[in-house]
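Peer 1: Hey, dropping model_10.pdb in here, PDB, C-alpha atoms:
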ATOM      1  CA  MET U 828      31.592 -42.609 -26.585
ATOM      2  CA  LYS U 829      34.350 -40.003 -26.358
ATOM      3  CA  ARG U 830      32.329 -37.676 -28.579
ATOM      4  CA  ALA U 831      29.317 -38.090 -26.341
ATOM      5  CA  LEU U 832      31.170 -37.021 -23.196
ATOM      6  CA  PRO U 833      31.514 -33.306 -24.128
ATOM      7  CA  THR U 834      27.844 -33.223 -25.148
ATOM      8  CA  LEU U 835      26.840 -34.845 -21.863
ATOM      9  CA  ALA U 836      28.965 -32.356 -19.934
ATOM     10  CA  ILE U 837      27.300 -29.457 -21.731
ATOM     11  CA  LEU U 838      23.842 -30.865 -21.007
ATOM     12  CA  LEU U 839      24.685 -31.326 -17.334
ATOM     13  CA  ALA U 840      26.039 -27.789 -17.110
ATOM     14  CA  PHE U 841      22.915 -26.457 -18.810
ATOM     15  CA  CYS U 842      20.656 -28.342 -16.395
ATOM     16  CA  ALA U 843      22.674 -27.075 -13.445
ATOM     17  CA  LEU U 844      22.314 -23.511 -14.719
ATOM     18  CA  ILE U 845      18.544 -23.906 -15.023
ATOM     19  CA  LEU U 846      18.318 -25.308 -11.484
ATOM     20  CA  TRP U 847      20.460 -22.484 -10.117
ATOM     21  CA  ALA U 848      18.347 -19.836 -11.887
ATOM     22  CA  GLY U 849      15.151 -21.424 -10.592
ATOM     23  CA  TRP U 850      16.438 -21.512  -7.027
ATOM     24  CA  HIS U 851      17.644 -17.906  -7.268
ATOM     25  CA  ASN U 852      14.251 -16.795  -8.586
ATOM     26  CA  PHE U 853      12.472 -18.710  -5.800
ATOM     27  CA  GLN U 854      14.598 -17.025  -3.142
ATOM     28  CA  ARG U 855      13.950 -13.591  -4.668
ATOM     29  CA  ARG U 856      10.196 -14.186  -4.664
ATOM     30  CA  MET U 857      10.310 -15.355  -1.059
ATOM     31  CA  ARG U 858      12.190 -12.206  -0.038
ATOM     32  CA  GLU U 859       9.666  -9.991  -1.833
ATOM     33  CA  HIS U 860       6.783 -11.874  -0.231
ATOM     34  CA  ALA U 861       8.320 -11.523   3.230
ATOM     35  CA  ALA U 862       8.888  -7.792   2.624
ATOM     36  CA  GLN U 863       5.293  -7.375   1.489
ATOM     37  CA  MET U 864       3.968  -9.119   4.566
ATOM     38  CA  GLN U 865       6.181  -6.965   6.761
ATOM     39  CA  CYS U 866       4.926  -3.772   5.137
ATOM     40  CA  LEU U 867       1.287  -4.862   5.209
ATOM     41  CA  GLY U 868       1.607  -5.610   8.888
ATOM     42  CA  THR U 869       2.756  -2.085   9.705
ATOM     43  CA  HIS U 870      -0.395  -0.178   8.794
ATOM     44  CA  VAL U 871      -1.103   1.275  12.219
ATOM     45  CA  ASP U 872      -3.367   3.904  13.700
ATOM     46  CA  LEU U 873      -1.343   6.990  14.546
ATOM     47  CA  ILE U 874      -1.378   8.059  18.176
ATOM     48  CA  PRO U 875      -2.871  11.580  18.483
ATOM     49  CA  GLY U 876      -1.031  14.202  20.450
ATOM     50  CA  ALA U 877       2.488  12.857  19.939
ATOM     51  CA  ALA U 878       4.360  16.133  19.505
ATOM     52  CA  PRO U 879       7.660  16.675  17.686
ATOM     53  CA  THR U 880      10.848  17.056  19.662
ATOM     54  CA  PRO U 881      12.075  20.621  20.365
ATOM     55  CA  ASP U 882      14.641  20.516  17.544
ATOM     56  CA  ASN U 883      11.724  20.298  15.056
ATOM     57  CA  GLY U 884      12.422  16.655  14.514
ATOM     58  CA  SER U 885      10.291  13.929  15.952
ATOM     59  CA  ALA U 886      10.710  10.718  17.831
ATOM     60  CA  ALA U 887       8.652   7.583  17.764
ATOM     61  CA  SER U 888       6.373   7.221  20.745
ATOM     62  CA  ASP U 889       7.097   4.756  23.531
ATOM     63  CA  SER U 890       4.469   2.450  22.058
ATOM     64  CA  GLY U 891       6.503   2.046  18.863
ATOM     65  CA  ALA U 892       3.993   3.900  16.648
ATOM     66  CA  PRO U 893       5.229   6.761  14.461
ATOM     67  CA  ALA U 894       5.258  10.225  15.981
ATOM     68  CA  ASP U 895       2.340  12.370  14.846
ATOM     69  CA  LEU U 896       3.461  15.486  12.982
ATOM     70  CA  THR U 897      -0.081  16.523  12.059
ATOM     71  CA  ASN U 898      -0.580  20.315  12.298
ATOM     72  CA  HIS U 899       3.169  20.854  12.755
ATOM     73  CA  PRO U 900       5.516  22.371  10.158
ATOM     74  CA  ALA U 901       7.109  19.711   7.984
ATOM     75  CA  PRO U 902      10.838  19.562   8.838
ATOM     76  CA  ASP U 903      12.829  21.181   6.050
ATOM     77  CA  PHE U 904      15.550  19.375   4.104
ATOM     78  CA  THR U 905      17.631  19.490   0.968
ATOM     79  CA  LEU U 906      18.161  16.126  -0.732
ATOM     80  CA  THR U 907      19.851  15.129  -3.962
ATOM     81  CA  ALA U 908      17.719  13.385  -6.557
ATOM     82  CA  TYR U 909      18.212  10.316  -8.709
ATOM     83  CA  ASN U 910      16.275  11.831 -11.587
ATOM     84  CA  GLY U 911      16.868  15.565 -11.480
ATOM     85  CA  PRO U 912      18.245  18.471  -9.447
ATOM     86  CA  ALA U 913      18.416  18.581  -5.659
ATOM     87  CA  VAL U 914      15.174  19.469  -3.898
ATOM     88  CA  LYS U 915      14.733  21.808  -0.925
ATOM     89  CA  LEU U 916      11.359  21.204   0.684
ATOM     90  CA  SER U 917      10.843  24.811   1.786
ATOM     91  CA  SER U 918      11.283  25.963  -1.833
ATOM     92  CA  LEU U 919       7.934  24.274  -2.544
ATOM     93  CA  ARG U 920       6.069  26.492  -0.039
ATOM     94  CA  GLY U 921       2.802  27.517  -1.644
ATOM     95  CA  LYS U 922       2.331  24.105  -3.221
ATOM     96  CA  PRO U 923       0.575  21.076  -1.742
ATOM     97  CA  VAL U 924       3.160  18.309  -1.330
ATOM     98  CA  ILE U 925       2.984  14.533  -0.912
ATOM     99  CA  LEU U 926       6.147  13.356   0.844
ATOM    100  CA  ASN U 927       6.466   9.579   0.548
ATOM    101  CA  PHE U 928       9.176   7.447   2.176
ATOM    102  CA  TRP U 929       9.724   4.158   0.343
ATOM    103  CA  ALA U 930      12.259   1.392  -0.347
ATOM    104  CA  THR U 931      12.955  -0.865  -3.308
ATOM    105  CA  TRP U 932      12.307  -4.008  -1.227
ATOM    106  CA  CYS U 933       8.897  -2.738  -0.049
ATOM    107  CA  ALA U 934       6.216  -4.202  -2.336
ATOM    108  CA  PRO U 935       3.334  -2.114  -0.872
ATOM    109  CA  CYS U 936       5.387   1.020  -1.580
ATOM    110  CA  LYS U 937       5.183   0.146  -5.271
ATOM    111  CA  VAL U 938       1.414  -0.241  -4.994
ATOM    112  CA  GLU U 939       1.030   3.375  -3.883
ATOM    113  CA  MET U 940       3.557   4.960  -6.239
ATOM    114  CA  PRO U 941       1.366   4.795  -9.390
ATOM    115  CA  TRP U 942      -1.445   6.494  -7.425
ATOM    116  CA  PHE U 943       0.896   9.357  -6.518
ATOM    117  CA  ALA U 944       2.106   9.676 -10.108
ATOM    118  CA  ARG U 945      -1.457   9.821 -11.464
ATOM    119  CA  ALA U 946      -2.473  12.377  -8.839
ATOM    120  CA  ARG U 947       0.505  14.594  -9.692
ATOM    121  CA  HIS U 948      -0.561  14.694 -13.327
ATOM    122  CA  ALA U 949      -4.243  15.109 -12.510
ATOM    123  CA  TYR U 950      -3.636  18.070 -10.186
ATOM    124  CA  SER U 951      -0.608  19.658 -11.835
ATOM    125  CA  ALA U 952      -2.643  22.796 -12.543
ATOM    126  CA  GLN U 953      -3.199  23.150  -8.785
ATOM    127  CA  GLY U 954       0.515  22.800  -8.108
ATOM    128  CA  LEU U 955       0.519  19.362  -6.509
ATOM    129  CA  GLU U 956       4.049  18.031  -6.063
ATOM    130  CA  VAL U 957       5.154  14.543  -5.045
ATOM    131  CA  LEU U 958       8.526  13.670  -3.518
ATOM    132  CA  GLY U 959       9.702  10.100  -2.995
ATOM    133  CA  VAL U 960      12.490   9.592  -0.448
ATOM    134  CA  ALA U 961      14.341   6.284  -0.828
ATOM    135  CA  GLU U 962      15.238   4.749   2.539
ATOM    136  CA  ASP U 963      17.428   1.875   1.313
ATOM    137  CA  ALA U 964      20.070   3.730  -0.763
ATOM    138  CA  PRO U 965      19.262   1.967  -4.050
ATOM    139  CA  SER U 966      21.508   2.178  -7.083
ATOM    140  CA  PRO U 967      20.427   4.350 -10.044
ATOM    141  CA  ASP U 968      19.653   1.161 -11.986
ATOM    142  CA  GLU U 969      17.364  -0.085  -9.216
ATOM    143  CA  VAL U 970      15.578   3.248  -9.153
ATOM    144  CA  GLN U 971      15.102   3.110 -12.921
ATOM    145  CA  GLN U 972      13.556  -0.339 -12.574
ATOM    146  CA  VAL U 973      11.091   0.994  -9.998
ATOM    147  CA  VAL U 974      10.219   3.953 -12.245
ATOM    148  CA  ALA U 975       9.634   1.625 -15.193
ATOM    149  CA  ARG U 976       7.416  -0.609 -13.088
ATOM    150  CA  THR U 977       5.397   2.068 -11.270
ATOM    151  CA  GLY U 978       5.465   5.130 -13.526
ATOM    152  CA  ALA U 979       6.823   7.211 -10.635
ATOM    153  CA  ASP U 980       8.087  10.125 -12.721
ATOM    154  CA  TYR U 981       8.182  12.551  -9.787
ATOM    155  CA  PRO U 982      11.433  13.487  -7.978
ATOM    156  CA  LEU U 983      12.988  10.469  -6.249
ATOM    157  CA  LEU U 984      15.451  11.545  -3.590
ATOM    158  CA  HIS U 985      18.373  10.022  -1.701
ATOM    159  CA  GLY U 986      17.204   9.563   1.882
ATOM    160  CA  THR U 987      19.467  10.371   4.825
ATOM    161  CA  ARG U 988      19.471   9.397   8.483
ATOM    162  CA  ASP U 989      18.956  13.007   9.563
ATOM    163  CA  VAL U 990      15.842  13.414   7.430
ATOM    164  CA  ALA U 991      14.433  10.082   8.597
ATOM    165  CA  HIS U 992      15.028  11.139  12.218
ATOM    166  CA  ALA U 993      13.328  14.495  11.626
ATOM    167  CA  TYR U 994      10.224  12.621  10.447
ATOM    168  CA  GLY U 995      10.073  10.273  13.421
ATOM    169  CA  GLY U 996      12.590   7.607  12.464
ATOM    170  CA  ILE U 997      10.592   6.105   9.549
ATOM    171  CA  ASP U 998      10.257   2.692  11.196
ATOM    172  CA  TYR U 999       7.264   1.883   8.973
ATOM    173  CA  LEU U1000       7.194   1.705   5.169
ATOM    174  CA  PRO U1001       5.594   3.074   3.184
ATOM    175  CA  GLN U1002       5.123   6.236   5.200
ATOM    176  CA  THR U1003       3.557   9.354   3.704
ATOM    177  CA  PHE U1004       3.126  12.946   4.851
ATOM    178  CA  TYR U1005       0.567  15.236   3.209
ATOM    179  CA  ILE U1006       1.819  18.822   3.453
ATOM    180  CA  GLY U1007      -0.365  21.877   2.860
ATOM    181  CA  ARG U1008       0.597  25.024   0.982
ATOM    182  CA  ASP U1009       1.607  26.636   4.294
ATOM    183  CA  GLY U1010       4.212  23.930   4.921
ATOM    184  CA  LYS U1011       2.287  22.153   7.688
ATOM    185  CA  VAL U1012       1.557  18.428   7.770
ATOM    186  CA  LEU U1013      -2.193  17.902   7.442
ATOM    187  CA  ALA U1014      -2.225  14.095   7.413
ATOM    188  CA  GLN U1015       0.134  11.154   7.540
ATOM    189  CA  THR U1016      -0.125   7.424   7.001
ATOM    190  CA  ALA U1017       2.094   4.491   7.944
ATOM    191  CA  GLY U1018       1.854   1.268   5.991
ATOM    192  CA  LEU U1019      -0.147   0.652   2.822
ATOM    193  CA  ALA U1020      -3.077   3.056   2.567
ATOM    194  CA  SER U1021      -6.084   2.611   0.307
ATOM    195  CA  GLU U1022      -6.338   4.672  -2.858
ATOM    196  CA  ASN U1023      -9.471   6.293  -1.440
ATOM    197  CA  GLU U1024      -7.514   7.357   1.651
ATOM    198  CA  VAL U1025      -4.733   8.746  -0.530
ATOM    199  CA  ASN U1026      -7.215  10.739  -2.609
ATOM    200  CA  ALA U1027      -9.002  12.060   0.486
ATOM    201  CA  ASN U1028      -5.710  13.315   1.922
ATOM    202  CA  ILE U1029      -4.807  14.896  -1.407
ATOM    203  CA  GLN U1030      -8.063  16.831  -1.354
ATOM    204  CA  LYS U1031      -7.160  18.147   2.110
ATOM    205  CA  ILE U1032      -3.863  19.638   0.971
ATOM    206  CA  LEU U1033      -5.294  20.933  -2.313
ATOM    207  CA  ALA U1034      -7.840  22.932  -0.325
ATOM    208  CA  THR U1035      -5.203  24.808   1.717
ATOM    209  CA  GLN U1036      -4.270  28.413   1.087
TER     210      GLN U1036
END
Any chance you could put this one into structure tokens?
Peer 2:
Amino acid sequence: MKRALPTLAILLAFCALILWAGWHNFQRRMREHAAQMQCLGTHVDLIPGAAPTPDNGSAASDSGAPADLTNHPAPDFTLTAYNGPAVKLSSLRGKPVILNFWATWCAPCKVEMPWFARARHAYSAQGLEVLGVAEDAPSPDEVQQVVARTGADYPLLHGTRDVAHAYGGIDYLPQTFYIGRDGKVLAQTAGLASENEVNANIQKILATQ
């Protein structure tokens, strides 16, 4: 009987560990599901005519929708990268640029990221560049996990409050700005777009001079 007690204790501890791991995994899945539903619910129609603020930033409209930067110069920034050197947006003038704001908790963000990566490779000869700005300050390990999962091998940058403010506050994720070779925003989306919509916007910025 005494010999059986340690074995029983080990079995009980093992069962408790399995239950704890299962509960932890359940909670993680519930958080991801809730984040996905939140992101999916934020795909909104942008309000036309919402102009940037005088300091070349932008503010969300009174209705809560993102400010519309279409046909305005994309606010410049310099951000450090998780996977390479710092990036200054204006240094990419002459190239079409996809500027995507994302977060590690945003499941729809990870749906779009492989599309951006494939487009960057497909149109590399035309100079297409993709920048991903992380809004939730993830650790390098978390970023690596996202890269492994999505194939997002383009520059992933540390987001800042100032940059988010300049682009309207980034209250919706994912949020993407399609910037022409002249540095102006030609299109923007808030929430999960379709791959067809992404490709159509890419064609717009590829066609700029």
Peer 1: Quick one: distance from CA of Val938 (chain U) to CA of Ser1021 (chain U) in Å, one decimal?
Peer 2: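 Between these atoms lies a distance of 9.6 Å.
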Peer 1: In Å, with one decimal, what is the gap from CA of Pro965 (chain U) to CA of Thr931 (chain U)?
Peer 2: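 That distance, rounded to one decimal, is 7.0 Å.
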Peer 1: Mind checking which residues fall within 12 Å of Glu969 (chain U), counting all atoms listed in the file, ignoring those fewer than 6 positions away in the same chain, and posting them as a ChimeraX atom specification?
Peer 2: /U:909,930-932,961,963,975-976,983
Peer 1: Contacts of Gly978 (chain U) at 7 Å or less, counting all atoms listed in the file, minus same-chain residues fewer than 3 places along, as number ranges by chain?
Peer 2: U: 941, 944, 974-975
Peer 1: Of the candidates U:Ala949, U:His985, U:Leu839, U:Glu939, which shows the shortest atom-to-atom distance to Asn1023 (chain U), using all atoms listed in the file?
Peer 2: U:Glu939
Peer 1: Considering only C-alpha atoms, can you say which of U:Ala1020, U:Ala934, U:Leu926, U:Ala908 comes closest to Val957 (chain U)?
Peer 2: U:Leu926
Peer 1: Which is closer to Gln971 (chain U) than all the others in U:Ile1029, U:Asn910, U:Arg945, U:Lys937, using all atoms listed in the file?
Peer 2: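 Of U:Ile1029, U:Asn910, U:Arg945, U:Lys937, the one nearest Gln971 (chain U), counting all atoms listed in the file, is U:Asn910.
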Peer 1: At what distance in Å, to one decimal, does CA of Gln1015 (chain U) lie from CA of Asn1028 (chain U)?
Peer 2: 8.4 Å
Peer 1: Of the candidates U:His992, U:Arg947, U:His899, U:Lys922, which one gets nearest to Thr1035 (chain U) if we count only C-alpha atoms?
Peer 2: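 Comparing U:His992, U:Arg947, U:His899, U:Lys922 against Thr1035 (chain U), the winner is U:Lys922.
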Peer 1: Give me the result of the PyMOL selection byres ((chain U and resi 1004) around 9) on this file, residue by residue, as a ChimeraX atom specification.
Peer 2: /U:896-897,901,924-928,1002-1003,1005-1006,1012-1016
Peer 1: Looking at all atoms listed in the file, which of U:Leu1019, U:Ala964, U:Val1025, U:Leu955 is the one that sits closest to Arg988 (chain U)?
Peer 2: U:Ala964
Peer 1: Here is a test: counting only C-alpha atoms, which residue of U:Asp895, U:Thr907, U:Tyr950, U:Val973 is nearest to Thr987 (chain U)?
Peer 2: U:Thr907
Peer 1: Name all residues at most 9 Å from Arg1008 (chain U) (count only C-alpha atoms; drop same-chain ones fewer than 6 positions away) and give them as a list in words.
Peer 2: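 So, after excluding close chain neighbours, the residues are Leu919, Arg920, Gly921, Lys922, Pro923, Val924, Ile1032, Leu1033, Ala1034, Thr1035 and Gln1036 of chain U.
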Peer 1: Let's have the selection written as a short mmCIF file (atom, residue, chain, number, x, y, z; two decimals), in the frame of the given file, with C-alpha atoms.
Peer 2:
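Written file, result_31.cif:
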data_model
loop_
_atom_site.label_atom_id
_atom_site.label_comp_id
_atom_site.auth_asym_id
_atom_site.auth_seq_id
_atom_site.Cartn_x
_atom_site.Cartn_y
_atom_site.Cartn_z
CA LEU U 919 7.93 24.27 -2.54
CA ARG U 920 6.07 26.49 -0.04
CA GLY U 921 2.80 27.52 -1.64
CA LYS U 922 2.33 24.10 -3.22
CA PRO U 923 0.57 21.08 -1.74
CA VAL U 924 3.16 18.31 -1.33
CA ILE U 1032 -3.86 19.64 0.97
CA LEU U 1033 -5.29 20.93 -2.31
CA ALA U 1034 -7.84 22.93 -0.32
CA THR U 1035 -5.20 24.81 1.72
CA GLN U 1036 -4.27 28.41 1.09
#
